[in-house]
Amino acid sequence: MREATVHRATRETDIVVTIDLDGTGNADISTGVPFFDHMLDAFCRHGLFDLTVQAQGDLDVDAHHTVEDVGIVLGQAICQALGDMRGITRFASPAVPMDEALVMAAIDISGRGALYWRMDIPIEAIATFDTQLAKEFFVALATNARMTLHLEQFEGENAHHLIEAAFKACGRALCQAVAIDPRNAGNLPTTKGKL
Ligand SMILES: [Mn+2]
């Protein structure tokens, strides 16, 4: 079973994430930041994961610690659930439209975590969600899942559409990259012998 539960508590946040990479898109998300819940729901639905996120954070400060730390814990859970990574497809690069917005997520489950962010979000906040936090979330996710993640905006002008397309594209890319390729059964998808 490719699933994991990670609990992380600091003075700023207390977060529990459970993920099943081979789920059907069932989400149970509660972060206290409604727009962020909506984004994680989209990520889960289009990644076909089963995902539970329970986050209690210092929202009286702002949403920064909560959003970043959910990225850390979700990344750690993905990394654990992947296990030895044998048989995975490894690469995926879907481009996902949402109305006028078009965003590509390119993933390499490389063992080297990094985000390459080529997005231009035109406004500062969507409700209680500071739009700069989208990048902070994906940095934390990519680093802790130990995957190379490129998010590239081809088109778009509406901040809600752009960020939602990025979360959907990331979910879809991860769904494809972690999928077991039967032609690669039991092998690591690398010529080096290690990911
Ligand atoms: Mn929406």
# chains A, B, ... in the order shown; residues from 1 in each chain; ligands from 1
>>> residues_near_ligand(ligand="ligand 1", cutoff="12 Å", atoms="only C-alpha atoms and all ligand atoms", output="ChimeraX atom specification")
/A:34-43,98-99,126,158-168
>>> write_last_selection(atoms="C-alpha atoms", output="PDB file, in the first residue's frame")
ATOM      1  CA  PRO A  34     -10.853  28.386   2.851  1.00  0.00           C
ATOM      2  CA  PHE A  35      -9.141  29.248  -0.461  1.00  0.00           C
ATOM      3  CA  PHE A  36      -6.227  26.936   0.450  1.00  0.00           C
ATOM      4  CA  ASP A  37      -8.705  24.141   1.311  1.00  0.00           C
ATOM      5  CA  HIS A  38     -10.235  24.662  -2.141  1.00  0.00           C
ATOM      6  CA  MET A  39      -6.776  24.360  -3.773  1.00  0.00           C
ATOM      7  CA  LEU A  40      -5.829  21.200  -1.837  1.00  0.00           C
ATOM      8  CA  ASP A  41      -9.191  19.700  -2.749  1.00  0.00           C
ATOM      9  CA  ALA A  42      -8.461  20.385  -6.446  1.00  0.00           C
ATOM     10  CA  PHE A  43      -4.924  18.920  -6.106  1.00  0.00           C
ATOM     11  CA  MET A  98      -8.769  26.886 -16.436  1.00  0.00           C
ATOM     12  CA  ASP A  99     -10.686  29.249 -18.652  1.00  0.00           C
ATOM     13  CA  ILE A 126      -7.573  36.082  -2.566  1.00  0.00           C
ATOM     14  CA  ASN A 158      -7.162  35.908 -13.246  1.00  0.00           C
ATOM     15  CA  ALA A 159      -5.345  35.058  -9.996  1.00  0.00           C
ATOM     16  CA  HIS A 160      -7.912  32.468  -8.860  1.00  0.00           C
ATOM     17  CA  HIS A 161      -7.739  30.715 -12.244  1.00  0.00           C
ATOM     18  CA  LEU A 162      -3.935  30.810 -12.364  1.00  0.00           C
ATOM     19  CA  ILE A 163      -3.395  29.398  -8.884  1.00  0.00           C
ATOM     20  CA  GLU A 164      -6.137  26.800  -9.291  1.00  0.00           C
ATOM     21  CA  ALA A 165      -4.696  25.685 -12.649  1.00  0.00           C
ATOM     22  CA  ALA A 166      -1.291  25.320 -10.948  1.00  0.00           C
ATOM     23  CA  PHE A 167      -2.714  23.107  -8.169  1.00  0.00           C
ATOM     24  CA  LYS A 168      -4.685  21.008 -10.656  1.00  0.00           C
TER      25      LYS A 168
END
>>> closest_atom_pairs(of="stretch 87-148 of chain A", to="stretch 12-31 of chain A", cutoff="12 Å", atoms="only C-alpha atoms", output="tab-separated table")
residue	atom	partner	partner_atom	distance
A:Ile88	CA	A:Leu21	CA	11.6
A:Thr128	CA	A:Thr31	CA	11.8
A:Phe129	CA	A:Thr31	CA	11.5
>>> write_last_selection(atoms="all heavy atoms", output="mmCIF file, in the first residue's frame")
data_model
loop_
_atom_site.group_PDB
_atom_site.id
_atom_site.type_symbol
_atom_site.label_atom_id
_atom_site.label_comp_id
_atom_site.auth_asym_id
_atom_site.auth_seq_id
_atom_site.Cartn_x
_atom_site.Cartn_y
_atom_site.Cartn_z
ATOM 1 N N ILE A 88 7.909 3.243 -10.782
ATOM 2 C CA ILE A 88 7.168 4.491 -11.065
ATOM 3 C C ILE A 88 7.510 5.039 -12.451
ATOM 4 O O ILE A 88 8.584 4.789 -13.005
ATOM 5 C CB ILE A 88 7.414 5.584 -9.998
ATOM 6 C CG1 ILE A 88 8.882 6.020 -9.940
ATOM 7 C CG2 ILE A 88 6.907 5.139 -8.642
ATOM 8 C CD1 ILE A 88 9.114 7.284 -9.124
ATOM 9 N N THR A 128 -8.466 35.407 2.445
ATOM 10 C CA THR A 128 -7.404 35.414 3.466
ATOM 11 C C THR A 128 -6.123 34.758 2.969
ATOM 12 O O THR A 128 -5.198 34.542 3.740
ATOM 13 C CB THR A 128 -7.870 34.666 4.733
ATOM 14 O OG1 THR A 128 -8.270 33.337 4.365
ATOM 15 C CG2 THR A 128 -9.042 35.386 5.386
ATOM 16 N N PHE A 129 -6.067 34.440 1.676
ATOM 17 C CA PHE A 129 -4.902 33.764 1.103
ATOM 18 C C PHE A 129 -4.043 34.787 0.376
ATOM 19 O O PHE A 129 -4.439 35.327 -0.663
ATOM 20 C CB PHE A 129 -5.365 32.666 0.147
ATOM 21 C CG PHE A 129 -4.264 31.806 -0.406
ATOM 22 C CD1 PHE A 129 -3.828 30.681 0.281
ATOM 23 C CD2 PHE A 129 -3.664 32.125 -1.619
ATOM 24 C CE1 PHE A 129 -2.814 29.879 -0.241
ATOM 25 C CE2 PHE A 129 -2.651 31.332 -2.145
ATOM 26 C CZ PHE A 129 -2.230 30.202 -1.447
#
>>> select_by_dssp(residues="stretch 23-107 of chain A", states="strand (DSSP E or B)", output="list in words")
Ala27, Asp28, Ile29, Ser30, Asp50, Leu51, Thr52, Val53, Gln54, Ala55, Gln56, Gly57, Ile88, Phe91, Ala92, Ala95, Val96, Pro97, Met98, Ala101, Leu102, Val103, Met104, Ala105, Ala106 and Ile107 of chain A
>>> closest_atom_pairs(of="stretch 81-137 of chain A", to="stretch 44-63 of chain A", cutoff="12 Å", atoms="only C-alpha atoms", output="JSON lines")
{"residue": "A:Ala81", "atom": "CA", "partner": "A:Phe49", "partner_atom": "CA", "distance": 11.2}
{"residue": "A:Pro94", "atom": "CA", "partner": "A:His46", "partner_atom": "CA", "distance": 11.5}
{"residue": "A:Val96", "atom": "CA", "partner": "A:His46", "partner_atom": "CA", "distance": 10.5}
{"residue": "A:Ala125", "atom": "CA", "partner": "A:Ala63", "partner_atom": "CA", "distance": 11.1}
{"residue": "A:Ile126", "atom": "CA", "partner": "A:Ala63", "partner_atom": "CA", "distance": 11.7}
{"residue": "A:Ala127", "atom": "CA", "partner": "A:Ala63", "partner_atom": "CA", "distance": 11.0}
{"residue": "A:Thr128", "atom": "CA", "partner": "A:Ala63", "partner_atom": "CA", "distance": 7.4}
{"residue": "A:Phe129", "atom": "CA", "partner": "A:Ala63", "partner_atom": "CA", "distance": 6.7}
{"residue": "A:Asp130", "atom": "CA", "partner": "A:Ala63", "partner_atom": "CA", "distance": 7.5}
{"residue": "A:Thr131", "atom": "CA", "partner": "A:Ala63", "partner_atom": "CA", "distance": 10.5}
{"residue": "A:Gln132", "atom": "CA", "partner": "A:Ala63", "partner_atom": "CA", "distance": 10.7}
{"residue": "A:Leu133", "atom": "CA", "partner": "A:Ala63", "partner_atom": "CA", "distance": 8.1}
{"residue": "A:Ala134", "atom": "CA", "partner": "A:Ala63", "partner_atom": "CA", "distance": 11.0}
{"residue": "A:Glu136", "atom": "CA", "partner": "A:Ala63", "partner_atom": "CA", "distance": 11.1}
{"residue": "A:Phe137", "atom": "CA", "partner": "A:Ala63", "partner_atom": "CA", "distance": 11.0}
>>> atom_distance(atom1="atom CA of A:Val73", atom2="atom CA of A:Arg90")
21.0 Å
>>> select_by_dssp(residues="chain A", states="helix (DSSP H, G or I)", output="NGL selection string")
:A and (34-47 or 64-82 or 132-145 or 159-178 or 182-184)
>>> residues_around(residues="A:Gly156", least_positions_apart="4", cutoff="7 Å", atoms="only C-alpha atoms", output="list of chain:residue names")
A:Glu100, A:Ala101, A:Leu102, A:Leu162
>>> closest_residue(among="A:Gly113, A:Glu155, A:Ala177, A:Thr191", to="A:Pro97", atoms="only C-alpha atoms")
A:Glu155
>>> closest_residue(among="A:Cys175, A:Ala95, A:Ile180, A:Ile121", to="A:Phe154", atoms="only C-alpha atoms")
A:Ala95
>>> residues_around(residues="A:Phe138", least_positions_apart="6", cutoff="10 Å", atoms="only C-alpha atoms", output="PDB file with N, CA and C atoms, in the first residue's frame")
ATOM      1  N   VAL A  67       0.244  27.542   5.597  1.00  0.00           N
ATOM      2  CA  VAL A  67       0.342  27.099   4.196  1.00  0.00           C
ATOM      3  C   VAL A  67       1.698  26.450   3.932  1.00  0.00           C
ATOM      4  N   GLU A  68       2.772  27.092   4.400  1.00  0.00           N
ATOM      5  CA  GLU A  68       4.112  26.540   4.176  1.00  0.00           C
ATOM      6  C   GLU A  68       4.260  25.186   4.870  1.00  0.00           C
ATOM      7  N   GLY A  71       2.640  22.342   3.197  1.00  0.00           N
ATOM      8  CA  GLY A  71       3.502  21.912   2.086  1.00  0.00           C
ATOM      9  C   GLY A  71       4.604  20.980   2.556  1.00  0.00           C
ATOM     10  N   ILE A  72       5.214  21.314   3.690  1.00  0.00           N
ATOM     11  CA  ILE A  72       6.283  20.466   4.253  1.00  0.00           C
ATOM     12  C   ILE A  72       5.740  19.078   4.596  1.00  0.00           C
ATOM     13  N   GLY A  75       4.560  17.069   1.556  1.00  0.00           N
ATOM     14  CA  GLY A  75       5.747  16.591   0.827  1.00  0.00           C
ATOM     15  C   GLY A  75       6.372  15.389   1.513  1.00  0.00           C
ATOM     16  N   ALA A 114      13.294  20.552  -5.705  1.00  0.00           N
ATOM     17  CA  ALA A 114      13.452  21.956  -6.086  1.00  0.00           C
ATOM     18  C   ALA A 114      12.225  22.421  -6.848  1.00  0.00           C
ATOM     19  N   LEU A 115      11.882  23.688  -6.654  1.00  0.00           N
ATOM     20  CA  LEU A 115      10.791  24.311  -7.413  1.00  0.00           C
ATOM     21  C   LEU A 115      11.363  25.336  -8.378  1.00  0.00           C
ATOM     22  N   TYR A 116      10.875  25.333  -9.592  1.00  0.00           N
ATOM     23  CA  TYR A 116      11.188  26.370 -10.587  1.00  0.00           C
ATOM     24  C   TYR A 116       9.860  27.025 -10.939  1.00  0.00           C
ATOM     25  N   TRP A 117       9.709  28.285 -10.564  1.00  0.00           N
ATOM     26  CA  TRP A 117       8.422  28.975 -10.544  1.00  0.00           C
ATOM     27  C   TRP A 117       8.412  30.053 -11.610  1.00  0.00           C
ATOM     28  N   ASN A 144      10.319  18.795   0.087  1.00  0.00           N
ATOM     29  CA  ASN A 144      10.100  17.691   1.028  1.00  0.00           C
ATOM     30  C   ASN A 144       9.665  16.399   0.348  1.00  0.00           C
ATOM     31  N   LEU A 149      10.084  20.207  -9.562  1.00  0.00           N
ATOM     32  CA  LEU A 149       8.763  20.666  -9.995  1.00  0.00           C
ATOM     33  C   LEU A 149       8.907  22.007 -10.712  1.00  0.00           C
ATOM     34  N   HIS A 150       8.530  22.038 -11.967  1.00  0.00           N
ATOM     35  CA  HIS A 150       8.445  23.290 -12.715  1.00  0.00           C
ATOM     36  C   HIS A 150       6.977  23.673 -12.827  1.00  0.00           C
ATOM     37  N   LEU A 151       6.660  24.905 -12.495  1.00  0.00           N
ATOM     38  CA  LEU A 151       5.315  25.433 -12.743  1.00  0.00           C
ATOM     39  C   LEU A 151       5.464  26.623 -13.674  1.00  0.00           C
ATOM     40  N   ALA A 166      -2.584  25.832 -11.425  1.00  0.00           N
ATOM     41  CA  ALA A 166      -1.291  25.320 -10.948  1.00  0.00           C
ATOM     42  C   ALA A 166      -1.491  24.128 -10.004  1.00  0.00           C
ATOM     43  N   PHE A 167      -2.449  24.227  -9.087  1.00  0.00           N
ATOM     44  CA  PHE A 167      -2.714  23.107  -8.169  1.00  0.00           C
ATOM     45  C   PHE A 167      -3.261  21.894  -8.921  1.00  0.00           C
ATOM     46  N   CYS A 170      -0.391  20.354 -10.909  1.00  0.00           N
ATOM     47  CA  CYS A 170       0.526  19.651 -10.024  1.00  0.00           C
ATOM     48  C   CYS A 170      -0.063  18.306  -9.599  1.00  0.00           C
TER      49      CYS A 170
END
>>> atom_distance(atom1="atom CA of A:Lys192", atom2="atom CA of A:Phe91")
15.9 Å
>>> atom_distance(atom1="atom CA of A:Ala140", atom2="atom CA of A:Gln76")
9.5 Å
>>> closest_residue(among="A:Ala179, A:Glu157, A:Ile107, A:Lys135", to="A:Ile123", atoms="only C-alpha atoms")
A:Glu157
